[in-house]
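What follows is a set of notes on a single structure, which appears directly below.
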Amino acid sequence: MAPIRVQSVLISESVDPRCRSILEENGIRVTEKHNMKKDELIAEIKDYDGLVVRSATKVTSDIINAASNLKIIGRAGTGVDNVDVDAATKKGIIVMNTPSGNTISAAELTCALIMSLSRHVPQAVMSMKAGNWDRKKFMGAELYGKVLGIVGLGRIGKEVASRMQSFGMRTIGYDPITPPEVATSWGVEPMSLEQLWPQCDYITVHTPLMPSTVGLLNDETFAKCKKGVKVVNCARGGIIDEAALLRALESGQCGGAGLDVFIEEPPKDRSLVNHPNVVSCPHLGASTKEAQARCGQDIAQQIVDMVNGKNLVGAVSCSVVNQTHCTSECTAGGICEVEIMANNCSSKASGSVQGGVPVLLSLSGSGFRQPVSLTGNLLFFKASANPQLLPSVAGLLASEGVQIESFSAPVDSTGDLWYCVGVSSLLRDLGVLKPLVKEAAQLAI
């Protein structure tokens with residue numbers, strides 16, 4: 001890709017020391033100022049080309065608009081929901097994260113919370129420290145033979161499944177993206193949410209926080225579960241409706257909850273934290289030496305690679321400045337404009353080359369959250385944002401014998417937007433999509 005000039009980077013939170021070292025070894029000036037208030041960061045950010053954050057810094061549109069020189073925002077961790085990606089994209093600022101840095105740590109904490117719920121370990125520890133010896137009060141249950149429902153079969157969900165299968169748990173799961181045969185190869189029985197809820201003894205969620213996952217576990221879904229089901233959330237606060245969870249705990253419909261994340265952090269409402277059947281942590285999913293080292297080193301190396309014109313890894317938004325027109329013969333990897341021809345129609349797009357593979361970053365104004373690899377069979381469709389869109393499209397494709405192998409969603413969440421799915425084979429007739437989408441095109445590369 002074309003080099004991007006980054007001379008100075010502000011690190012606003014505590015990250016692994018190797019992050020600073022790698023940046024400085026490559027000629028980038030680094031300043032560390034932690035725990036800044038919003039107004040302080042607005043005043044400070046104008047002097048920097050890059051910003052590195054973890055999860056505590058909220059990079060709002062006000063901060064982004066005050067950043068006259070900013071070219072890159074690096075999140076040392078998974079997800080970027082603390083960054084206004086739309087505002088960054090409009091200003092041509094690249095936003096990237098380190099999607100695999102904390103996978104193992106988050107998976108291990110999830111497993112620890114599942115085990116703590118099954119044997120009441122934290123409650124027993126506190127009882128012992130209080131001078132008690134109460135064996136009957138903390139009667140637990142084996143995990144062996146129990147059913148674990150995994151909602152979200154990405155990197156972390158897969159690792160959780162592998163570990164809990166070692167305890168003899170039956171793992172079932174739901175994911176609208178992961179092909180059923182892939183989930184099956186991991187030892188997970190894929191199924192719909194309606195099939196999953198009533199079977200689970202334990203449920204763990206591993207999805208991003210987006211409109212379709214807010215309140216995924218709520219009064220209605222808890223009512224569909226087994227009485228006494230136990231739930232774990234090490235993903236994002238808000239996926240489980242906290243008020244509904246409290247009601248389920250009080251009624252006994254939910255037998256316990258392991259929470260590492262909350263809608264508000266730290267939570268001012270302590271009702272869940274103080275509940276006797278809740279095991280809670282202060283957002284420790286990535287809080288291991290190994291994860292922090294990986295995330296810190298990864299984000300620094302990704303910035304250095306970008307500066308040196310190498311790969312653009314972990315990007316969830318793109319810069320479209322300094323564009324050059326290119327064709328499928330472009331091999332420099334620079335962010336550029338491409339033209340996609342399909343069904344006698346042309347669409348302008350921005351893209352680059354990563355690892356020798358051309359990738360699509362935006363299409364007709366719709367920026368993709370994850371770059372689309374321009375390889376294999378690709379189906380593009382334009383439709384109004386709708387939480388049921390992807391499941392509906394997946395079901396329709398399945399009825400035509402076509403499986404979804406990958407999915408790239410748009411950055412925006414309102415209006416008519418372009419989506420892209422990698423598919424096992426091209427549709428014989430695009431007309432079958434008419435009830436769901438406004439435009440569609442497919443191509444094989």
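In the structure tokens, each chain is lettered A, B, ... as it comes, each chain's residues begin at 1, and ligands are numbered from 1 in order of appearance.
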
Using only C-alpha atoms, find each residue in range 12-127 of chain A having at least one atom no more than 8 Å away from range 248-260 of chain A; report its shortest atom-to-atom pair and that distance in Å (one decimal), rows by chain then rising number, as JSON lines.
{"residue": "A:Leu113", "atom": "CA", "partner": "A:Gly258", "partner_atom": "CA", "distance": 5.5}
{"residue": "A:Ile114", "atom": "CA", "partner": "A:Gly258", "partner_atom": "CA", "distance": 7.1}
{"residue": "A:Leu117", "atom": "CA", "partner": "A:Gly256", "partner_atom": "CA", "distance": 6.5}

I want to know what sits within 10 Å of range 417-422 of chain A, based on only C-alpha atoms, with residues of the same chain fewer than 3 positions away left out; could you give that as an NGL selection string?
:A and (177 or 360 or 362-368 or 372-385 or 390 or 393-394 or 403-414 or 425-426 or 437-442 or 444)

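Taking CA of Ala183 in chain A as the reference point, CA of Ser162 in chain A is found at 11.2 Å.
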
I'd like to know which residues of range 60-158 of chain A are alpha helix (DSSP H) (by DSSP, run on the backbone); could you write them as a ChimeraX atom specification?
/A:61-66,85-90,103-119,121-129,155-158

Name all residues at most 12 Å from Leu51 in chain A (count only C-alpha atoms; drop same-chain ones fewer than 3 positions away) and give them as a ChimeraX atom specification.
/A:6-13,20,23,29-34,41-42,44-48,54,57-59,63-64,67,69-76,83,88,93-97,299-300,303

Go through A:Leu436, A:Arg369, A:Ala112, A:Ile239 and flag the residue nearest Asp86 in chain A, using only C-alpha atoms for the distances.
A:Arg369
